[in-house]
file query39.txt (compact mmCIF, C-alpha atoms)
# COMPACT_ATOMS: atom_id res chain seq x y z
CA MET A 1 36.42 12.76 8.58
CA ALA A 2 35.49 10.30 5.82
CA GLU A 3 37.26 10.47 2.48
CA ALA A 4 33.97 10.85 0.55
CA THR A 5 30.35 11.97 0.97
CA LEU A 6 27.35 10.46 -0.76
CA THR A 7 24.30 12.71 -0.90
CA ILE A 8 21.03 10.77 -1.11
CA SER A 9 17.32 11.49 -0.94
CA SER A 10 15.89 8.58 1.09
CA ARG A 11 16.90 5.15 2.27
CA ASN A 12 13.35 3.82 2.34
CA TYR A 13 12.11 5.07 -1.01
CA SER A 14 15.04 5.88 -3.30
CA SER A 15 16.26 3.05 -5.49
CA TRP A 16 18.90 5.29 -7.06
CA SER A 17 20.30 6.25 -3.67
CA LEU A 18 20.54 2.57 -2.76
CA ARG A 19 22.39 1.79 -5.98
CA GLY A 20 24.88 4.61 -5.47
CA TRP A 21 25.52 3.60 -1.85
CA LEU A 22 26.04 -0.06 -2.73
CA LEU A 23 28.56 0.88 -5.41
CA CYS A 24 30.51 3.11 -3.02
CA ARG A 25 30.60 0.43 -0.35
CA MET A 26 31.57 -2.25 -2.87
CA ALA A 27 34.46 -0.01 -3.93
CA GLY A 28 35.59 0.26 -0.31
CA LEU A 29 35.18 4.03 0.03
CA ASP A 30 35.30 5.50 3.52
CA LEU A 31 31.93 7.21 3.26
CA ASP A 32 29.68 9.71 5.00
CA VAL A 33 26.02 9.84 3.94
CA GLU A 34 24.09 13.09 3.69
CA VAL A 35 20.30 12.84 3.40
CA LEU A 36 18.42 15.66 1.66
CA SER A 37 15.25 15.25 3.69
CA GLY A 38 12.31 17.14 2.23
CA ASP A 39 14.27 18.59 -0.70
CA PRO A 40 11.80 19.35 -3.56
CA ALA A 41 14.03 17.87 -6.26
CA SER A 42 14.47 14.70 -4.22
CA ARG A 43 10.71 14.47 -3.71
CA ALA A 44 10.18 14.82 -7.46
CA GLU A 45 12.65 12.01 -8.03
CA LEU A 46 10.93 9.72 -5.53
CA LEU A 47 7.51 10.41 -7.04
CA HIS A 48 8.84 9.80 -10.58
CA LEU A 49 8.03 13.38 -11.60
CA SER A 50 11.50 14.45 -12.67
CA PRO A 51 13.43 12.96 -15.59
CA SER A 52 16.75 14.24 -14.22
CA PHE A 53 18.07 14.85 -10.74
CA LEU A 54 21.36 15.32 -8.96
CA VAL A 55 21.17 12.62 -6.29
CA PRO A 56 22.78 10.36 -5.49
CA ARG A 57 25.84 12.58 -5.72
CA LEU A 58 29.32 11.45 -4.74
CA THR A 59 31.80 14.05 -3.50
CA HIS A 60 35.33 12.65 -3.37
CA GLY A 61 37.96 15.31 -2.75
CA ALA A 62 37.63 17.85 -5.56
CA VAL A 63 35.51 15.48 -7.65
CA ARG A 64 31.71 15.61 -7.75
CA VAL A 65 29.89 12.98 -9.75
CA TRP A 66 26.18 12.20 -9.99
CA ASP A 67 24.05 9.71 -11.90
CA VAL A 68 24.49 6.10 -10.83
CA LEU A 69 26.24 4.87 -13.97
CA ALA A 70 28.63 7.82 -13.84
CA ILE A 71 29.38 6.97 -10.21
CA ALA A 72 29.96 3.35 -11.21
CA GLN A 73 32.36 4.36 -13.96
CA TYR A 74 34.26 6.70 -11.65
CA LEU A 75 34.62 4.01 -9.01
CA THR A 76 35.86 1.42 -11.50
CA GLU A 77 38.54 3.90 -12.59
CA ILE A 78 39.78 4.84 -9.13
CA ARG A 79 39.36 1.40 -7.52
CA PRO A 80 40.03 -1.22 -10.21
CA GLU A 81 41.09 -3.66 -7.51
CA ALA A 82 37.51 -3.68 -6.14
CA GLY A 83 36.35 -5.80 -9.09
CA LEU A 84 33.18 -3.85 -9.78
CA LEU A 85 33.09 -5.31 -13.29
CA PRO A 86 33.71 -8.88 -14.46
CA ASP A 87 37.25 -9.73 -15.52
CA ASP A 88 36.91 -10.56 -19.21
CA LEU A 89 35.79 -8.17 -21.93
CA ALA A 90 32.76 -10.10 -23.18
CA THR A 91 31.33 -10.54 -19.70
CA ARG A 92 32.06 -6.90 -18.79
CA SER A 93 30.13 -5.86 -21.88
CA TRP A 94 27.21 -8.08 -20.89
CA SER A 95 27.22 -6.63 -17.38
CA ARG A 96 27.32 -3.09 -18.74
CA SER A 97 24.46 -3.85 -21.13
CA ILE A 98 22.03 -5.10 -18.50
CA SER A 99 23.08 -2.29 -16.15
CA GLY A 100 22.31 0.22 -18.87
CA GLU A 101 18.99 -1.47 -19.56
CA MET A 102 18.00 -1.00 -15.92
CA HIS A 103 19.28 2.57 -15.88
CA GLY A 104 17.32 3.63 -18.96
CA GLY A 105 14.21 1.44 -18.90
CA PHE A 106 11.65 -0.50 -16.88
CA PHE A 107 9.49 2.60 -16.43
CA ASN A 108 6.31 0.59 -15.92
CA LEU A 109 7.91 -1.47 -13.17
CA ARG A 110 9.27 1.64 -11.46
CA SER A 111 5.95 3.49 -11.49
CA ALA A 112 3.70 0.55 -10.60
CA LEU A 113 5.97 -0.89 -7.88
CA PRO A 114 7.73 2.07 -6.23
CA MET A 115 10.44 1.16 -3.77
CA ASN A 116 9.20 1.14 -0.18
CA LEU A 117 11.27 -1.02 2.14
CA ARG A 118 8.91 -0.72 5.10
CA ALA A 119 5.74 -1.71 3.24
CA ARG A 120 4.26 -5.09 2.32
CA TYR A 121 1.38 -5.56 -0.14
CA ALA A 122 0.59 -9.26 -0.18
CA ASP A 123 -2.40 -9.03 -2.55
CA PHE A 124 -0.91 -6.63 -5.07
CA THR A 125 -1.42 -7.45 -8.77
CA PRO A 126 0.82 -5.57 -11.25
CA TRP A 127 -0.86 -4.28 -14.40
CA GLY A 128 0.15 -5.53 -17.83
CA GLY A 129 2.99 -3.12 -18.58
CA ALA A 130 4.64 -3.86 -15.25
CA GLN A 131 4.20 -7.60 -15.83
CA ALA A 132 6.12 -7.30 -19.08
CA ASP A 133 8.96 -5.53 -17.25
CA ILE A 134 8.96 -8.22 -14.55
CA ALA A 135 9.19 -10.90 -17.24
CA ARG A 136 12.18 -9.13 -18.78
CA VAL A 137 13.94 -8.93 -15.41
CA VAL A 138 13.36 -12.65 -14.93
CA GLU A 139 14.82 -13.31 -18.39
CA ILE A 140 17.92 -11.22 -17.61
CA TRP A 141 18.49 -12.90 -14.27
CA GLN A 142 17.95 -16.44 -15.52
CA GLU A 143 20.34 -16.08 -18.42
CA ALA A 144 23.12 -14.58 -16.28
CA LEU A 145 22.65 -17.09 -13.47
CA ARG A 146 22.58 -20.04 -15.87
CA VAL A 147 25.76 -19.02 -17.69
CA HIS A 148 27.77 -17.87 -14.67
CA GLY A 149 26.46 -20.26 -12.01
CA GLY A 150 25.50 -17.70 -9.37
CA PRO A 151 25.08 -16.89 -6.60
CA PHE A 152 25.38 -13.37 -8.09
CA LEU A 153 24.57 -12.47 -11.68
CA PHE A 154 28.14 -12.87 -12.90
CA GLY A 155 29.45 -15.47 -10.51
CA ALA A 156 30.91 -15.56 -7.04
CA ARG A 157 31.11 -11.83 -6.31
CA PRO A 158 28.66 -8.94 -6.75
CA VAL A 159 29.39 -6.45 -9.53
CA VAL A 160 27.79 -3.25 -10.79
CA ALA A 161 24.88 -5.17 -12.33
CA ASP A 162 23.94 -6.65 -8.96
CA ALA A 163 23.84 -3.17 -7.44
CA MET A 164 21.65 -2.00 -10.32
CA TYR A 165 19.12 -4.80 -9.80
CA ALA A 166 19.19 -4.86 -5.98
CA PRO A 167 16.30 -2.37 -5.63
CA VAL A 168 14.21 -4.60 -7.91
CA CYS A 169 14.71 -7.39 -5.39
CA THR A 170 13.25 -5.15 -2.68
CA ARG A 171 10.28 -4.33 -4.91
CA PHE A 172 9.62 -8.02 -5.50
CA VAL A 173 9.58 -8.54 -1.72
CA THR A 174 7.40 -5.49 -1.01
CA TYR A 175 4.76 -6.44 -3.57
CA GLY A 176 4.93 -10.22 -3.18
CA VAL A 177 5.93 -10.86 -6.80
CA ALA A 178 6.08 -14.60 -7.56
CA LEU A 179 9.34 -15.67 -9.18
CA PRO A 180 10.84 -18.87 -10.61
CA SER A 181 12.94 -20.72 -8.07
CA ASP A 182 16.32 -19.60 -9.45
CA CYS A 183 15.26 -15.95 -9.46
CA ALA A 184 13.72 -16.25 -6.00
CA ALA A 185 17.01 -17.66 -4.71
CA TYR A 186 18.88 -14.74 -6.27
CA ARG A 187 16.42 -12.26 -4.77
CA ASP A 188 16.92 -13.82 -1.34
CA ARG A 189 20.70 -13.79 -1.76
CA ILE A 190 20.64 -10.07 -2.50
CA MET A 191 18.27 -9.33 0.38
CA ASP A 192 20.60 -11.23 2.73
CA TRP A 193 23.73 -9.47 1.43
CA ASP A 194 25.40 -7.77 4.38
CA LEU A 195 25.38 -4.40 2.62
CA MET A 196 21.66 -4.70 1.93
CA ARG A 197 20.96 -5.64 5.53
CA ASP A 198 22.84 -2.54 6.68
CA TRP A 199 20.87 -0.28 4.32
CA ILE A 200 17.50 -1.81 5.22
CA ALA A 201 18.20 -1.48 8.95
CA ALA A 202 18.96 2.21 8.49
CA ALA A 203 15.79 2.66 6.41
CA GLN A 204 13.66 1.34 9.25
CA ASP A 205 14.77 4.28 11.38
CA GLU A 206 14.18 6.92 8.71
CA PRO A 207 11.50 9.22 10.12
CA GLU A 208 10.17 10.91 6.99
CA GLU A 209 7.21 9.43 5.18
CA ILE A 210 5.94 10.40 1.75
CA GLU A 211 2.19 9.93 1.79
CA GLU A 212 1.92 9.37 -1.95
CA LEU A 213 4.27 6.39 -1.70
CA ASP A 214 2.66 4.96 1.43
CA MET A 215 -0.76 4.75 -0.18
CA GLU A 216 -2.79 1.55 0.13
CA PHE A 217 -2.85 -0.40 -3.15
call {"tool": "encode", "arguments": {"input": "query39.txt", "output": "structure tokens"}}
result
Amino acid sequence: MAEATLTISSRNYSSWSLRGWLLCRMAGLDLDVEVLSGDPASRAELLHLSPSFLVPRLTHGAVRVWDVLAIAQYLTEIRPEAGLLPDDLATRSWSRSISGEMHGGFFNLRSALPMNLRARYADFTPWGGAQADIARVVEIWQEALRVHGGPFLFGARPVVADAMYAPVCTRFVTYGVALPSDCAAYRDRIMDWDLMRDWIAAAQDEPEEIEELDMEF
């Protein structure tokens, strides 16, 4: 029996579930995954109809913690050796800031480019609000990569911020979003991350489809 259980809503559609799972794996938790297939609250989350929801939810012994940033904080406390945050204070603060920005913003990007790992929309054109969000993501990535040298946002190893922005990389692939070369290289690095490859492979086998998110754009 695994030491912890992560409850998620969907591998194919849920960006928050992906973030929570990446964080748990980065922390080295021995983990079982429970999928709430067809759960109404999960469906509301996936369709962007609910401002609050209780997945992903980590159950670790007597502890239950939900919300991705809360999960990240819990994991940094119980597994400091995992290096989920950069080493020095200023860089940790920077990482936390851009993670919080993703957690609390980019609503136009989320609604216009919903996560769908199995889909490809080569001719998709984001509307203006989503374009502004894309431009801000590019700005965040370029600054972090320039200062810290890559290949991840804060240097040689992935941290919480990389987990927070990983679903954006999948969206950029799904909708064929053109990126500057440094951001495209970062996107490809995340998509080729062994943890991402594991998640994407599992998503391909997920049977449930949500018609509203499989619509033709």
call {"tool": "atom_distance", "arguments": {"input": "query39.txt", "atom1": "atom CA of Met196 of chain A", "atom2": "atom CA of Thr125 of chain A"}}
result
25.6 Å
call {"tool": "atom_distance", "arguments": {"input": "query39.txt", "atom1": "atom CA of Pro80 of chain A", "atom2": "atom CA of Met1 of chain A"}}
result
23.7 Å
call {"tool": "residues_around", "arguments": {"input": "query39.txt", "residues": "Val65 of chain A", "least_positions_apart": "3", "cutoff": "10 Å", "atoms": "all atoms listed in the file", "output": "ChimeraX atom specification"}}
result
/A:6,54-60,68-74
call {"tool": "write_last_selection", "arguments": {"input": "query39.txt", "atoms": "C-alpha atoms", "output": "compact mmCIF listing (two decimals), keeping the file's coordinate frame"}}
result
# COMPACT_ATOMS: atom_id res chain seq x y z
CA LEU A 6 27.35 10.46 -0.76
CA LEU A 54 21.36 15.32 -8.96
CA VAL A 55 21.17 12.62 -6.29
CA PRO A 56 22.78 10.36 -5.49
CA ARG A 57 25.84 12.58 -5.72
CA LEU A 58 29.32 11.45 -4.74
CA THR A 59 31.80 14.05 -3.50
CA HIS A 60 35.33 12.65 -3.37
CA VAL A 68 24.49 6.10 -10.83
CA LEU A 69 26.24 4.87 -13.97
CA ALA A 70 28.63 7.82 -13.84
CA ILE A 71 29.38 6.97 -10.21
CA ALA A 72 29.96 3.35 -11.21
CA GLN A 73 32.36 4.36 -13.96
CA TYR A 74 34.26 6.70 -11.65
call {"tool": "closest_residue", "arguments": {"input": "query39.txt", "among": "A:Pro114, A:Phe154, A:Ala119, A:Tyr175", "to": "Ile98 of chain A", "atoms": "only C-alpha atoms"}}
result
A:Phe154
call {"tool": "closest_atom_pairs", "arguments": {"input": "query39.txt", "of": "segment 53-169 of chain A", "to": "segment 13-23 of chain A", "cutoff": "6 Å", "atoms": "all atoms listed in the file", "output": "Markdown table"}}
result
| residue | atom | partner | partner_atom | distance |
| --- | --- | --- | --- | --- |
| A:Pro56 | CA | A:Ser17 | CA | 5.1 |
| A:Val68 | CA | A:Gly20 | CA | 5.6 |
| A:Met115 | CA | A:Tyr13 | CA | 5.1 |
| A:Asn116 | CA | A:Tyr13 | CA | 5.0 |
| A:Ala163 | CA | A:Arg19 | CA | 5.4 |
| A:Met164 | CA | A:Arg19 | CA | 5.8 |
| A:Pro167 | CA | A:Ser15 | CA | 5.4 |
call {"tool": "write_last_selection", "arguments": {"input": "query39.txt", "atoms": "C-alpha atoms", "output": "PDB file, keeping the file's coordinate frame"}}
result
ATOM      1  CA  PRO A  56      22.780  10.360  -5.490  1.00  0.00           C
ATOM      2  CA  VAL A  68      24.490   6.100 -10.830  1.00  0.00           C
ATOM      3  CA  MET A 115      10.440   1.160  -3.770  1.00  0.00           C
ATOM      4  CA  ASN A 116       9.200   1.140  -0.180  1.00  0.00           C
ATOM      5  CA  ALA A 163      23.840  -3.170  -7.440  1.00  0.00           C
ATOM      6  CA  MET A 164      21.650  -2.000 -10.320  1.00  0.00           C
ATOM      7  CA  PRO A 167      16.300  -2.370  -5.630  1.00  0.00           C
TER       8      PRO A 167
END
call {"tool": "residues_around", "arguments": {"input": "query39.txt", "residues": "segment 101-109 of chain A", "least_positions_apart": "4", "cutoff": "8 Å", "atoms": "all atoms listed in the file", "output": "PyMOL selection string"}}
result
chain A and resi 69+97+113-114+129-131+133-134+164-165
call {"tool": "residues_around", "arguments": {"input": "query39.txt", "residues": "segment 191-195 of chain A", "least_positions_apart": "4", "cutoff": "8 Å", "atoms": "all atoms listed in the file", "output": "ChimeraX atom specification"}}
result
/A:22,25,166,169-170,187,199
